[in-house]
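For reference, the structure is listed below as structure tokens.
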Amino acid sequence: LSLLAMIALGWSTASVTAETQLVVGGPEVSVPVGRITINRPYQAVSIAARADPFENRWIDIDYTLVDRATQRGYTAYGVVEHYTGRDSDGTWSEGSHSTTTRFSSVPRGSYDVVAQLKANAWGGSSFTPAATSGSAWASDERIRVKLTASAGGIMWGNLWLELALLLGVPLLILWWRHNNDDDD
């Protein structure tokens, strides 16, 4: 029942999308994603970031939800990162080309969603000095990023906590009974 309630309350009816291209090692880019409206007294907001494939790079993303009526801002941080390499155990990779950032309880209202993005590189020799960029080192490599913001979203952590509490008590009772049965 709890899962069904979470799905019903977290169901998103509308979303806004924006795309941009980032220069690896270049300046930070500000992207207006769009406007979302929250109709419930408090609701979650989810922002998904998906990037074109890249290796040994990461994208820092600072999100801001700005209430159009009060100009109050809600901020969150996200990162899209993917690394690969080779060591004595063989090849490895970690990270993903996508991530989802969630705001848990945003009050009712209309919000402008703005993202600040910056693409960075990890190691390697593909850097060349760039006098025109906002960074001491930049490359010609570009990464396309798509951002999708929506009012709603399921907070899976809440479900796992609820299940742990519901199942934890009976398991604790069973464990206690099992240990005390040996004493009788």
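Note on naming: chains are A, B, ... as they come in the structure tokens, residues start from 1 per chain, ligands start from 1 in the order shown.
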
| Surrounding residues of stretch 36-39 of chain A excluding itself and chain neighbours under 6 positions, 12 Å, only C-alpha atoms, as a PyMOL selection string | chain A and resi 9-17+45-47+65-69+105-114+148-152

| task | Going by DSSP on the backbone, which bits of stretch 10-179 of chain A are strand (DSSP E)? Write them as number ranges by chain, please. | result | A: 15-23, 29-51, 57-67, 73-87, 90-96, 98-121, 128-129, 137-138, 142-151

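In terms of minimum interatomic distance to A:Tyr42, A:Ser104 ranks closest within A:Tyr77, A:Ala119, A:Ser104, A:His97, counting only C-alpha atoms.
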
| field | A:Glu55 surroundings by only C-alpha atoms, 9 Å radius, close-in-sequence under 5 positions cut, as a ChimeraX atom specification | value | /A:81-84,121-122

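Remark: for A:Asp62, the closest of the candidate residues A:Ala48, A:Leu165, A:Val33, A:Leu117 is A:Leu117 (distances computed over only C-alpha atoms).
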
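Of note, atom CA of A:Gly78 and atom CA of A:Val29 are spaced 14.6 Å apart.
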